[in-house]
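File shown here: entry.pdb, holding PDB, C-alpha atoms and all ligand atoms.
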MODEL        1
ATOM      1  CA  MET Y   1       0.000   0.000   0.000
ATOM      2  CA  THR Y   2       1.426   3.334  -1.001
ATOM      3  CA  GLU Y   3       1.604   6.078   1.552
ATOM      4  CA  GLN Y   4      -1.052   8.748   1.062
ATOM      5  CA  LEU Y   5       0.518  12.181   0.694
ATOM      6  CA  ALA Y   6      -1.243  14.882   2.687
ATOM      7  CA  PRO Y   7      -2.746  17.577   0.439
ATOM      8  CA  ARG Y   8      -0.377  20.523   0.189
ATOM      9  CA  ARG Y   9      -1.387  23.654   2.043
ATOM     10  CA  PRO Y  10      -1.594  26.919   0.097
ATOM     11  CA  PRO Y  11       1.826  28.600   0.017
ATOM     12  CA  VAL Y  12       2.582  31.277   2.579
ATOM     13  CA  VAL Y  13       3.481  34.851   1.633
ATOM     14  CA  ILE Y  14       6.419  36.265   3.580
ATOM     15  CA  ALA Y  15       6.674  40.055   3.383
ATOM     16  CA  HIS Y  16      10.407  40.510   2.753
ATOM     17  CA  ARG Y  17      11.482  43.444   4.983
ATOM     18  CA  GLY Y  18       7.761  44.396   4.914
ATOM     19  CA  ALA Y  19       6.048  45.551   1.729
ATOM     20  CA  SER Y  20       9.470  46.847   0.745
ATOM     21  CA  GLY Y  21       8.543  47.213  -2.919
ATOM     22  CA  TYR Y  22       6.399  50.172  -1.889
ATOM     23  CA  LEU Y  23       7.915  51.711   1.264
ATOM     24  CA  PRO Y  24      11.425  51.847   2.743
ATOM     25  CA  GLU Y  25      12.415  48.396   4.016
ATOM     26  CA  HIS Y  26      11.997  47.475   7.680
ATOM     27  CA  THR Y  27      10.019  50.575   8.590
ATOM     28  CA  LEU Y  28       6.860  50.066  10.615
ATOM     29  CA  GLU Y  29       5.046  51.723   7.717
ATOM     30  CA  ALA Y  30       6.248  48.946   5.377
ATOM     31  CA  LYS Y  31       5.139  46.335   7.930
ATOM     32  CA  ALA Y  32       1.685  47.890   8.272
ATOM     33  CA  LEU Y  33       1.222  47.923   4.507
ATOM     34  CA  ALA Y  34       2.279  44.268   4.212
ATOM     35  CA  HIS Y  35      -0.135  43.343   7.003
ATOM     36  CA  GLY Y  36      -2.938  45.135   5.171
ATOM     37  CA  GLN Y  37      -2.009  43.502   1.873
ATOM     38  CA  GLY Y  38      -2.614  40.063   3.326
ATOM     39  CA  ALA Y  39       0.894  38.735   4.020
ATOM     40  CA  ASP Y  40       1.011  35.675   6.280
ATOM     41  CA  TYR Y  41       4.392  36.523   7.804
ATOM     42  CA  LEU Y  42       6.296  39.768   8.279
ATOM     43  CA  GLU Y  43      10.074  39.449   8.160
ATOM     44  CA  GLN Y  44      12.460  40.962  10.719
ATOM     45  CA  ASP Y  45      16.220  41.075  10.139
ATOM     46  CA  VAL Y  46      17.827  41.538  13.542
ATOM     47  CA  VAL Y  47      21.108  43.235  14.499
ATOM     48  CA  ALA Y  48      22.386  44.616  17.809
ATOM     49  CA  SER Y  49      23.248  48.164  18.872
ATOM     50  CA  ARG Y  50      26.314  49.098  20.940
ATOM     51  CA  ASP Y  51      24.219  49.055  24.110
ATOM     52  CA  GLY Y  52      22.878  45.590  23.317
ATOM     53  CA  ARG Y  53      19.417  46.481  22.005
ATOM     54  CA  LEU Y  54      17.982  44.490  19.108
ATOM     55  CA  PHE Y  55      17.117  46.577  16.043
ATOM     56  CA  VAL Y  56      15.307  45.575  12.869
ATOM     57  CA  LEU Y  57      17.792  46.249  10.087
ATOM     58  CA  HIS Y  58      18.898  44.223   7.069
ATOM     59  CA  ASP Y  59      22.586  45.123   6.951
ATOM     60  CA  ILE Y  60      24.970  45.142   9.871
ATOM     61  CA  GLU Y  61      25.901  48.523   8.360
ATOM     62  CA  LEU Y  62      23.723  51.636   8.386
ATOM     63  CA  ASP Y  63      24.884  53.604   5.366
ATOM     64  CA  ARG Y  64      22.665  52.143   2.632
ATOM     65  CA  THR Y  65      19.361  52.713   4.431
ATOM     66  CA  THR Y  66      19.895  55.764   6.679
ATOM     67  CA  ASP Y  67      21.434  59.248   6.683
ATOM     68  CA  VAL Y  68      24.247  58.133   9.046
ATOM     69  CA  ALA Y  69      27.033  59.227   6.660
ATOM     70  CA  GLU Y  70      25.726  62.780   6.613
ATOM     71  CA  ARG Y  71      24.996  62.903  10.341
ATOM     72  CA  HIS Y  72      28.132  61.160  11.672
ATOM     73  CA  PRO Y  73      30.802  61.476   8.960
ATOM     74  CA  GLU Y  74      33.616  60.757  11.446
ATOM     75  CA  ARG Y  75      32.261  57.463  12.727
ATOM     76  CA  CYS Y  76      32.860  55.169   9.782
ATOM     77  CA  ARG Y  77      35.287  52.299  10.195
ATOM     78  CA  ALA Y  78      38.445  51.860   8.120
ATOM     79  CA  ASP Y  79      36.428  50.046   5.453
ATOM     80  CA  GLY Y  80      34.345  53.181   4.878
ATOM     81  CA  ARG Y  81      31.165  51.684   6.387
ATOM     82  CA  TRP Y  82      29.086  52.719   9.409
ATOM     83  CA  TYR Y  83      28.087  49.794  11.669
ATOM     84  CA  ALA Y  84      24.925  49.612  13.773
ATOM     85  CA  ILE Y  85      26.903  48.071  16.617
ATOM     86  CA  ASP Y  86      29.008  51.240  16.919
ATOM     87  CA  PHE Y  87      25.925  53.293  17.845
ATOM     88  CA  ASP Y  88      23.682  53.370  20.911
ATOM     89  CA  ALA Y  89      19.941  52.878  20.623
ATOM     90  CA  ARG Y  90      19.368  56.591  21.183
ATOM     91  CA  GLU Y  91      21.617  57.456  18.249
ATOM     92  CA  LEU Y  92      20.037  54.851  15.976
ATOM     93  CA  ARG Y  93      16.573  56.198  16.696
ATOM     94  CA  ALA Y  94      17.706  59.697  15.707
ATOM     95  CA  LEU Y  95      18.733  58.583  12.216
ATOM     96  CA  ARG Y  96      16.415  59.060   9.282
ATOM     97  CA  VAL Y  97      15.688  55.924   7.300
ATOM     98  CA  THR Y  98      15.632  56.159   3.521
ATOM     99  CA  GLU Y  99      14.592  53.914   0.686
ATOM    100  CA  ARG Y 100      17.647  51.727  -0.014
ATOM    101  CA  LEU Y 101      20.570  53.456  -1.705
ATOM    102  CA  ALA Y 102      22.703  51.982  -4.466
ATOM    103  CA  ARG Y 103      26.030  50.415  -3.503
ATOM    104  CA  ASP Y 104      27.922  53.608  -4.263
ATOM    105  CA  GLY Y 105      25.647  55.407  -1.775
ATOM    106  CA  THR Y 106      24.319  57.979  -4.241
ATOM    107  CA  GLY Y 107      21.132  57.080  -6.101
ATOM    108  CA  ALA Y 108      18.381  54.564  -5.432
ATOM    109  CA  ARG Y 109      18.948  50.805  -5.451
ATOM    110  CA  TYR Y 110      15.505  50.491  -7.082
ATOM    111  CA  PRO Y 111      14.771  53.720  -8.982
ATOM    112  CA  GLU Y 112      11.061  52.959  -9.482
ATOM    113  CA  ARG Y 113      10.386  52.643  -5.767
ATOM    114  CA  PHE Y 114       9.744  55.166  -2.979
ATOM    115  CA  PRO Y 115      11.977  58.237  -3.485
ATOM    116  CA  VAL Y 116      15.228  58.164  -1.508
ATOM    117  CA  HIS Y 117      15.813  60.599   1.387
ATOM    118  CA  THR Y 118      12.134  61.529   1.610
ATOM    119  CA  GLY Y 119       9.594  60.831   4.342
ATOM    120  CA  ASN Y 120      10.141  60.819   8.086
ATOM    121  CA  PHE Y 121      10.996  57.142   8.611
ATOM    122  CA  ARG Y 122      12.814  55.857  11.711
ATOM    123  CA  MET Y 123      14.514  52.714  12.978
ATOM    124  CA  HIS Y 124      12.844  50.643  15.681
ATOM    125  CA  THR Y 125      13.650  47.732  17.962
ATOM    126  CA  LEU Y 126      12.503  44.129  17.631
ATOM    127  CA  ASP Y 127      10.379  44.610  20.758
ATOM    128  CA  GLU Y 128       8.651  47.580  19.183
ATOM    129  CA  GLU Y 129       7.935  45.686  15.982
ATOM    130  CA  LEU Y 130       6.507  42.665  17.801
ATOM    131  CA  GLU Y 131       4.298  44.955  19.870
ATOM    132  CA  PHE Y 132       3.186  46.707  16.664
ATOM    133  CA  ILE Y 133       2.271  43.405  14.984
ATOM    134  CA  ARG Y 134       0.440  42.229  18.083
ATOM    135  CA  GLY Y 135      -1.576  45.437  17.985
ATOM    136  CA  LEU Y 136      -2.353  45.097  14.271
ATOM    137  CA  ASN Y 137      -3.395  41.476  14.748
ATOM    138  CA  ARG Y 138      -5.702  42.425  17.575
ATOM    139  CA  ALA Y 139      -7.254  45.342  15.735
ATOM    140  CA  THR Y 140      -7.845  43.378  12.515
ATOM    141  CA  GLY Y 141      -8.676  39.980  13.975
ATOM    142  CA  ARG Y 142      -5.914  38.441  11.856
ATOM    143  CA  ASP Y 143      -3.011  36.313  13.052
ATOM    144  CA  VAL Y 144      -0.063  37.421  10.949
ATOM    145  CA  GLY Y 145       3.146  35.665  11.939
ATOM    146  CA  ILE Y 146       6.736  36.778  12.311
ATOM    147  CA  TYR Y 147       9.812  35.563  10.470
ATOM    148  CA  PRO Y 148      12.958  36.846  12.272
ATOM    149  CA  GLU Y 149      16.449  36.377  10.810
ATOM    150  CA  LEU Y 150      19.593  36.272  12.926
ATOM    151  CA  LYS Y 151      22.050  38.435  10.996
ATOM    152  CA  SER Y 152      25.715  37.377  11.108
ATOM    153  CA  PRO Y 153      25.564  35.629  14.512
ATOM    154  CA  ALA Y 154      29.261  34.671  14.476
ATOM    155  CA  TRP Y 155      30.213  38.294  13.747
ATOM    156  CA  HIS Y 156      27.963  39.492  16.575
ATOM    157  CA  ARG Y 157      29.526  36.948  18.944
ATOM    158  CA  ALA Y 158      32.967  38.325  18.067
ATOM    159  CA  GLN Y 159      31.600  41.753  19.096
ATOM    160  CA  GLY Y 160      30.439  40.307  22.424
ATOM    161  CA  ILE Y 161      26.728  39.773  21.625
ATOM    162  CA  ASP Y 162      24.928  36.415  21.667
ATOM    163  CA  LEU Y 163      22.355  37.448  19.071
ATOM    164  CA  GLY Y 164      20.532  34.091  19.002
ATOM    165  CA  ALA Y 165      19.995  34.030  22.764
ATOM    166  CA  GLU Y 166      18.858  37.668  22.798
ATOM    167  CA  VAL Y 167      16.358  37.151  19.979
ATOM    168  CA  LEU Y 168      14.937  33.997  21.565
ATOM    169  CA  ALA Y 169      14.508  35.824  24.870
ATOM    170  CA  CYS Y 170      12.612  38.592  23.074
ATOM    171  CA  LEU Y 171      10.341  36.108  21.257
ATOM    172  CA  GLU Y 172       9.688  34.360  24.546
ATOM    173  CA  ARG Y 173       8.582  37.636  26.133
ATOM    174  CA  PHE Y 174       6.006  38.019  23.367
ATOM    175  CA  GLY Y 175       4.764  34.448  23.757
ATOM    176  CA  TYR Y 176       6.034  33.109  20.450
ATOM    177  CA  ALA Y 177       7.461  30.000  22.074
ATOM    178  CA  ARG Y 178       3.837  28.979  22.619
ATOM    179  CA  GLN Y 179       2.654  29.855  19.092
ATOM    180  CA  GLY Y 180       4.877  27.622  16.998
ATOM    181  CA  GLU Y 181       3.009  27.836  13.731
ATOM    182  CA  ARG Y 182       3.091  31.639  13.590
ATOM    183  CA  VAL Y 183       6.860  32.040  13.756
ATOM    184  CA  TRP Y 184       9.812  30.869  11.699
ATOM    185  CA  LEU Y 185      13.385  31.515  12.834
ATOM    186  CA  GLN Y 186      15.794  31.911   9.891
ATOM    187  CA  CYS Y 187      19.566  32.117   9.514
ATOM    188  CA  PHE Y 188      22.280  31.554   6.914
ATOM    189  CA  ASP Y 189      24.610  30.090   9.541
ATOM    190  CA  PRO Y 190      23.839  26.373  10.025
ATOM    191  CA  GLU Y 191      25.984  26.149  13.150
ATOM    192  CA  GLU Y 192      23.952  28.852  14.888
ATOM    193  CA  LEU Y 193      20.664  27.066  14.180
ATOM    194  CA  ARG Y 194      22.163  23.771  15.365
ATOM    195  CA  ARG Y 195      23.464  25.441  18.525
ATOM    196  CA  LEU Y 196      20.040  26.901  19.337
ATOM    197  CA  ARG Y 197      18.312  23.600  18.610
ATOM    198  CA  ASP Y 198      20.761  21.749  20.871
ATOM    199  CA  ALA Y 199      20.116  24.355  23.572
ATOM    200  CA  GLY Y 200      16.423  23.410  23.537
ATOM    201  CA  CYS Y 201      14.877  25.915  21.101
ATOM    202  CA  ARG Y 202      11.645  24.408  19.764
ATOM    203  CA  LEU Y 203      10.699  27.074  17.214
ATOM    204  CA  PRO Y 204      10.341  26.093  13.549
ATOM    205  CA  MET Y 205      13.606  26.956  11.787
ATOM    206  CA  VAL Y 206      14.575  27.821   8.231
ATOM    207  CA  GLN Y 207      18.058  27.230   6.863
ATOM    208  CA  LEU Y 208      18.803  29.946   4.307
ATOM    209  CA  ILE Y 209      20.945  28.903   1.349
ATOM    210  CA  ALA Y 210      23.093  31.479  -0.466
ATOM    211  CA  PRO Y 211      23.619  31.525  -4.247
ATOM    212  CA  LEU Y 212      27.266  30.413  -4.027
ATOM    213  CA  PRO Y 213      28.895  28.100  -1.459
ATOM    214  CA  GLU Y 214      31.609  30.650  -0.676
ATOM    215  CA  GLU Y 215      28.926  33.168   0.351
ATOM    216  CA  GLN Y 216      27.530  30.772   2.908
ATOM    217  CA  GLY Y 217      30.516  30.030   5.097
ATOM    218  CA  GLN Y 218      31.314  26.597   6.451
ATOM    219  CA  TRP Y 219      28.819  23.776   5.997
ATOM    220  CA  PRO Y 220      29.243  21.147   8.684
ATOM    221  CA  VAL Y 221      26.795  18.830   6.925
ATOM    222  CA  GLY Y 222      27.904  18.764   3.289
ATOM    223  CA  ASP Y 223      26.477  20.473   0.213
ATOM    224  CA  PRO Y 224      23.014  21.749   1.210
ATOM    225  CA  LEU Y 225      21.805  21.298  -2.361
ATOM    226  CA  SER Y 226      22.549  17.539  -2.335
ATOM    227  CA  ASP Y 227      20.111  14.896  -1.105
ATOM    228  CA  ALA Y 228      22.536  13.980   1.686
ATOM    229  CA  GLY Y 229      22.913  17.625   2.683
ATOM    230  CA  LEU Y 230      19.140  18.134   2.785
ATOM    231  CA  ALA Y 231      18.647  14.988   4.850
ATOM    232  CA  ALA Y 232      21.271  16.213   7.327
ATOM    233  CA  LEU Y 233      19.624  19.646   7.549
ATOM    234  CA  ALA Y 234      16.282  18.018   8.349
ATOM    235  CA  ASP Y 235      17.737  16.984  11.721
ATOM    236  CA  THR Y 236      17.717  20.654  12.712
ATOM    237  CA  VAL Y 237      15.310  22.659  10.540
ATOM    238  CA  GLN Y 238      11.812  22.294   9.116
ATOM    239  CA  ALA Y 239      12.344  24.373   5.984
ATOM    240  CA  VAL Y 240      15.001  25.671   3.646
ATOM    241  CA  GLY Y 241      15.103  29.177   2.212
ATOM    242  CA  PRO Y 242      17.031  28.743  -1.043
ATOM    243  CA  TRP Y 243      18.092  31.449  -3.436
ATOM    244  CA  LEU Y 244      15.536  31.524  -6.247
ATOM    245  CA  GLY Y 245      18.180  30.354  -8.724
ATOM    246  CA  HIS Y 246      18.457  27.057  -6.866
ATOM    247  CA  VAL Y 247      14.747  26.423  -7.523
ATOM    248  CA  LEU Y 248      14.406  27.708 -11.091
ATOM    249  CA  GLN Y 249      17.004  28.022 -13.829
ATOM    250  CA  ASP Y 250      16.224  29.508 -17.253
ATOM    251  CA  GLY Y 251      12.523  29.133 -16.603
ATOM    252  CA  GLN Y 252      12.811  25.452 -15.657
ATOM    253  CA  ASP Y 253      12.223  23.693 -12.334
ATOM    254  CA  THR Y 254      15.612  22.432 -11.139
ATOM    255  CA  GLY Y 255      13.973  19.651  -9.106
ATOM    256  CA  PHE Y 256      15.360  21.083  -5.867
ATOM    257  CA  THR Y 257      11.886  21.654  -4.394
ATOM    258  CA  ALA Y 258      10.823  18.032  -4.885
ATOM    259  CA  ARG Y 259      14.116  16.789  -3.385
ATOM    260  CA  ALA Y 260      13.713  19.036  -0.348
ATOM    261  CA  HIS Y 261      10.136  17.818   0.077
ATOM    262  CA  ALA Y 262      11.403  14.232  -0.066
ATOM    263  CA  ALA Y 263      13.718  15.106   2.834
ATOM    264  CA  GLY Y 264      10.695  16.408   4.759
ATOM    265  CA  LEU Y 265      11.571  20.091   4.355
ATOM    266  CA  GLU Y 266       9.374  22.989   3.276
ATOM    267  CA  VAL Y 267      10.795  25.312   0.623
ATOM    268  CA  HIS Y 268      10.574  29.126   0.912
ATOM    269  CA  PRO Y 269      12.716  30.677  -1.863
ATOM    270  CA  TRP Y 270      13.894  34.308  -1.928
ATOM    271  CA  THR Y 271      13.539  36.977  -3.170
ATOM    272  CA  LEU Y 272      10.648  37.655  -5.532
ATOM    273  CA  ARG Y 273      10.939  41.166  -6.931
ATOM    274  CA  ARG Y 274       8.876  42.604  -9.735
ATOM    275  CA  GLU Y 275      11.910  44.528 -11.013
ATOM    276  CA  GLU Y 276      14.263  41.540 -10.961
ATOM    277  CA  LEU Y 277      12.754  38.835 -13.129
ATOM    278  CA  PRO Y 278      15.159  35.926 -13.514
ATOM    279  CA  ALA Y 279      16.099  34.732 -16.990
ATOM    280  CA  GLY Y 280      13.296  32.875 -18.723
ATOM    281  CA  TRP Y 281      10.360  34.877 -17.320
ATOM    282  CA  ALA Y 282       8.305  37.484 -19.177
ATOM    283  CA  THR Y 283       6.101  38.572 -16.252
ATOM    284  CA  PHE Y 284       6.171  38.590 -12.463
ATOM    285  CA  ASP Y 285       2.733  36.969 -12.334
ATOM    286  CA  GLY Y 286       3.951  34.149 -14.589
ATOM    287  CA  LEU Y 287       6.900  33.534 -12.250
ATOM    288  CA  LEU Y 288       4.653  33.454  -9.161
ATOM    289  CA  ASP Y 289       2.122  31.180 -10.885
ATOM    290  CA  ALA Y 290       4.864  28.695 -11.800
ATOM    291  CA  LEU Y 291       6.305  28.645  -8.268
ATOM    292  CA  PHE Y 292       2.884  28.130  -6.663
ATOM    293  CA  GLY Y 293       1.694  25.757  -9.388
ATOM    294  CA  ARG Y 294       4.001  23.292 -11.058
ATOM    295  CA  VAL Y 295       7.045  23.832  -8.804
ATOM    296  CA  GLY Y 296       4.930  23.693  -5.652
ATOM    297  CA  VAL Y 297       6.955  25.783  -3.207
ATOM    298  CA  ASP Y 298       5.537  26.209   0.308
ATOM    299  CA  GLY Y 299       6.082  29.952   0.531
ATOM    300  CA  VAL Y 300       7.923  32.881  -1.005
ATOM    301  CA  PHE Y 301       9.848  35.838   0.310
ATOM    302  CA  THR Y 302       8.673  38.839  -1.682
ATOM    303  CA  ASP Y 303       8.911  42.628  -1.666
ATOM    304  CA  PHE Y 304       5.389  42.639  -3.195
ATOM    305  CA  PRO Y 305       3.066  40.738  -0.833
ATOM    306  CA  ASP Y 306      -0.067  41.973  -2.628
ATOM    307  CA  LEU Y 307       1.018  40.403  -5.925
ATOM    308  CA  ALA Y 308       1.963  37.117  -4.250
ATOM    309  CA  CYS Y 309      -1.380  37.002  -2.400
ATOM    310  CA  ALA Y 310      -3.175  37.508  -5.735
ATOM    311  CA  ALA Y 311      -1.126  34.683  -7.267
ATOM    312  CA  ARG Y 312      -2.076  32.429  -4.376
ATOM    313  CA  VAL Y 313      -5.764  33.095  -5.031
ATOM    314  CA  ARG Y 314      -5.177  32.071  -8.665
ATOM    315  CA  SER Y 315      -3.307  28.924  -7.638
ATOM    316  CA  VAL Y 316      -6.010  27.834  -5.195
ATOM    317  CA  ALA Y 317      -8.703  28.465  -7.866
ATOM    318  CA  ALA Y 318      -6.678  26.387 -10.344
ATOM    319  CA  GLY Y 319      -6.595  23.531  -7.842
TER     320      GLY Y 319
HETATM  321 CA    CA Y 401      16.376  38.608   5.649
ENDMDL
END
Take the structure in this file and express it as structure tokens.
Amino acid sequence: MTEQLAPRRPPVVIAHRGASGYLPEHTLEAKALAHGQGADYLEQDVVASRDGRLFVLHDIELDRTTDVAERHPERCRADGRWYAIDFDARELRALRVTERLARDGTGARYPERFPVHTGNFRMHTLDEELEFIRGLNRATGRDVGIYPELKSPAWHRAQGIDLGAEVLACLERFGYARQGERVWLQCFDPEELRRLRDAGCRLPMVQLIAPLPEEQGQWPVGDPLSDAGLAALADTVQAVGPWLGHVLQDGQDTGFTARAHAAGLEVHPWTLRREELPAGWATFDGLLDALFGRVGVDGVFTDFPDLACAARVRSVAAG
């Protein structure tokens, strides 16, 4: 007798840094918009300040998303970057957040998006964001989840901060340890996830997978794209977050999703951006429809939660 496969659940929509296609990433405004657009999870990237507070910020540096260079020209490190961990919470809150700047720090990373250096956007702590989401959930009657990422935990440890322990303590304060299905903990560093699992963390975890092995750091468990690597990961995590190119190449399903499913892992690829269609795709909707349809991913990280939610409605209607 063959084993009956459970019917797949509709894919989840993870608002990547909020509805960051429309508002500056990781602002509470971007989170509110994503919540209103129907996202299932709102993502938090987490870094620490000098005084040990947890802030929601994608880079460990400040200069591509704030006015720090203008405000504190003397406080860049030798590499020409300004680091969040060199500033106290009070100083971080005083910065103005901008739509993401290009790598050379001048124009916009995404010229079609919210204008750079406009609006009165501010940084906030992880506590503040979790309180904000709790309030939105209460006011709307929805139960939107959270999807925190531990940013560079080994680097933070070298700076004297145990980021994983601090984030888990914060989630515990907000009751997420008791709401397993509404939280995913994500990280690129497999050793950090293993360490937290061994220390008794019971939250669902996502192992992120970078485009190139050298971008990932050391893999204690072999190539994460191989069947053996996926099976080893399944001892620690419940899902993988692969780079989109690991899932689709030149418009074709690579087979990675089916292999991860065979290892018992969900697949949440990143990052779906309307302005960055991979080779082989004519439209963003066509890309989303393929991922939710024939590829059968379990969720997507996207800067455009509204478009992914619309694609999910189409995929459910198509059966
Ligand atoms: Ca992230």
May I have the protein, DNA and RNA residues with an atom at most 9 Å from (4.2, 42.2, 6.9), counting only C-alpha atoms in the file's coordinates, returned as a PDB file with C-alpha atoms, in the frame of the given file?
ATOM      1  CA  ILE Y  14       6.419  36.265   3.580  1.00  0.00           C
ATOM      2  CA  ALA Y  15       6.674  40.055   3.383  1.00  0.00           C
ATOM      3  CA  HIS Y  16      10.407  40.510   2.753  1.00  0.00           C
ATOM      4  CA  ARG Y  17      11.482  43.444   4.983  1.00  0.00           C
ATOM      5  CA  GLY Y  18       7.761  44.396   4.914  1.00  0.00           C
ATOM      6  CA  ALA Y  19       6.048  45.551   1.729  1.00  0.00           C
ATOM      7  CA  ALA Y  30       6.248  48.946   5.377  1.00  0.00           C
ATOM      8  CA  LYS Y  31       5.139  46.335   7.930  1.00  0.00           C
ATOM      9  CA  ALA Y  32       1.685  47.890   8.272  1.00  0.00           C
ATOM     10  CA  LEU Y  33       1.222  47.923   4.507  1.00  0.00           C
ATOM     11  CA  ALA Y  34       2.279  44.268   4.212  1.00  0.00           C
ATOM     12  CA  HIS Y  35      -0.135  43.343   7.003  1.00  0.00           C
ATOM     13  CA  GLY Y  36      -2.938  45.135   5.171  1.00  0.00           C
ATOM     14  CA  GLN Y  37      -2.009  43.502   1.873  1.00  0.00           C
ATOM     15  CA  GLY Y  38      -2.614  40.063   3.326  1.00  0.00           C
ATOM     16  CA  ALA Y  39       0.894  38.735   4.020  1.00  0.00           C
ATOM     17  CA  ASP Y  40       1.011  35.675   6.280  1.00  0.00           C
ATOM     18  CA  TYR Y  41       4.392  36.523   7.804  1.00  0.00           C
ATOM     19  CA  LEU Y  42       6.296  39.768   8.279  1.00  0.00           C
ATOM     20  CA  GLU Y  43      10.074  39.449   8.160  1.00  0.00           C
ATOM     21  CA  ILE Y 133       2.271  43.405  14.984  1.00  0.00           C
ATOM     22  CA  VAL Y 144      -0.063  37.421  10.949  1.00  0.00           C
ATOM     23  CA  GLY Y 145       3.146  35.665  11.939  1.00  0.00           C
ATOM     24  CA  ILE Y 146       6.736  36.778  12.311  1.00  0.00           C
ATOM     25  CA  PRO Y 305       3.066  40.738  -0.833  1.00  0.00           C
TER      26      PRO Y 305
END
Inset, instruction - Please measure the separation of atom CA of Y:Pro211 and atom CA of Y:Glu129, giving the value in Å to one decimal. - result: 29.3 Å
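With atom CA of Y:Phe292 on one side and atom CA of Y:Asp143 on the other, the separation reads 22.1 Å.
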So that each row is one residue of chain Y with an atom at most 10 Å from ligand CA 401 (chain Y), can you give its shortest atom pair and the distance in Å to one decimal, using all atoms listed in the file, rows by chain and rising number, as a Markdown table?
| residue | atom | partner | partner_atom | distance |
| --- | --- | --- | --- | --- |
| Y:His16 | CA | Y:CA401 | CA | 6.9 |
| Y:Arg17 | CA | Y:CA401 | CA | 6.9 |
| Y:Glu43 | CA | Y:CA401 | CA | 6.8 |
| Y:Gln44 | CA | Y:CA401 | CA | 6.8 |
| Y:Asp45 | CA | Y:CA401 | CA | 5.1 |
| Y:Val46 | CA | Y:CA401 | CA | 8.5 |
| Y:Leu57 | CA | Y:CA401 | CA | 8.9 |
| Y:His58 | CA | Y:CA401 | CA | 6.3 |
| Y:Asp59 | CA | Y:CA401 | CA | 9.1 |
| Y:Tyr147 | CA | Y:CA401 | CA | 8.7 |
| Y:Pro148 | CA | Y:CA401 | CA | 7.7 |
| Y:Glu149 | CA | Y:CA401 | CA | 5.6 |
| Y:Leu150 | CA | Y:CA401 | CA | 8.3 |
| Y:Lys151 | CA | Y:CA401 | CA | 7.8 |
| Y:Gln186 | CA | Y:CA401 | CA | 7.9 |
| Y:Cys187 | CA | Y:CA401 | CA | 8.2 |
| Y:Phe188 | CA | Y:CA401 | CA | 9.3 |
| Y:Leu208 | CA | Y:CA401 | CA | 9.1 |
| Y:Trp270 | CA | Y:CA401 | CA | 9.1 |
| Y:Thr271 | CA | Y:CA401 | CA | 9.4 |
| Y:Phe301 | CA | Y:CA401 | CA | 8.9 |
Legend entry - Selected residue, from Y:Gln159, Y:Thr65, Y:Gln238, Y:Thr125, that lies nearest to Y:Gly107 when counting only C-alpha atoms: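 So, comparing all the options, the nearest one is Y:Thr65.
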Inset, instruction - Evaluate the PyMOL selection byres (((chain Y and resi 284-288) around 10) and not hetatm) and record the selected residues as an MDAnalysis selection string, following the chain and residue labels used in the document. - result: chainID Y and resid 248 251 272:278 280:283 289:293 295 297 300 307:312 314:315
Deliver the residues from the most recent selection as a file, using C-alpha atoms, as a compact mmCIF listing (two decimals), in the coordinates of the input.
# COMPACT_ATOMS: atom_id res chain seq x y z
CA LEU Y 248 14.41 27.71 -11.09
CA GLY Y 251 12.52 29.13 -16.60
CA LEU Y 272 10.65 37.66 -5.53
CA ARG Y 273 10.94 41.17 -6.93
CA ARG Y 274 8.88 42.60 -9.74
CA GLU Y 275 11.91 44.53 -11.01
CA GLU Y 276 14.26 41.54 -10.96
CA LEU Y 277 12.75 38.84 -13.13
CA PRO Y 278 15.16 35.93 -13.51
CA GLY Y 280 13.30 32.88 -18.72
CA TRP Y 281 10.36 34.88 -17.32
CA ALA Y 282 8.30 37.48 -19.18
CA THR Y 283 6.10 38.57 -16.25
CA ASP Y 289 2.12 31.18 -10.88
CA ALA Y 290 4.86 28.70 -11.80
CA LEU Y 291 6.30 28.64 -8.27
CA PHE Y 292 2.88 28.13 -6.66
CA GLY Y 293 1.69 25.76 -9.39
CA VAL Y 295 7.04 23.83 -8.80
CA VAL Y 297 6.96 25.78 -3.21
CA VAL Y 300 7.92 32.88 -1.00
CA LEU Y 307 1.02 40.40 -5.92
CA ALA Y 308 1.96 37.12 -4.25
CA CYS Y 309 -1.38 37.00 -2.40
CA ALA Y 310 -3.18 37.51 -5.74
CA ALA Y 311 -1.13 34.68 -7.27
CA ARG Y 312 -2.08 32.43 -4.38
CA ARG Y 314 -5.18 32.07 -8.66
CA SER Y 315 -3.31 28.92 -7.64
Inset, instruction - Please provide as a PyMOL selection string all residues within 12 Å of Y:Glu70, with the sequence filter that same-chain residues fewer than 3 positions apart are discarded (counting only C-alpha atoms). - result: chain Y and resi 62-64+66-67+73-76+82+95-96+105-106+117
Surrounding residues of stretch 261-265 of chain Y excluding itself and chain neighbours under 5 positions, 7 Å, all atoms listed in the file, as a short mmCIF file (atom, residue, chain, number, x, y, z; two decimals) with C-alpha atoms, in the frame of the given file:
data_model
loop_
_atom_site.label_atom_id
_atom_site.label_comp_id
_atom_site.auth_asym_id
_atom_site.auth_seq_id
_atom_site.Cartn_x
_atom_site.Cartn_y
_atom_site.Cartn_z
CA LEU Y 230 19.14 18.13 2.78
CA ALA Y 231 18.65 14.99 4.85
CA ALA Y 234 16.28 18.02 8.35
CA GLN Y 238 11.81 22.29 9.12
CA ALA Y 239 12.34 24.37 5.98
CA VAL Y 240 15.00 25.67 3.65
#
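Taking all atoms listed in the file into account, Y:Ala228 lies nearest to Y:Ala260 out of the set Y:Pro242, Y:Ala260, Y:Glu99, Y:Gln216.
Pairwise distance (atom CA of Y:Arg142, atom CA of Y:Val13) equals 14.3 Å.
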Legend entry - Explicit residues for the PyMOL selection byres (((chain Y and resi 204) around 10) and not hetatm) (as a list in words): Tyr147, Ala177, Gly180, Glu181, Arg182, Val183, Trp184, Leu185, Gln186, Arg197, Cys201, Arg202, Leu203, Met205, Val206, Thr236, Val237, Gln238 and Ala239 of chain Y
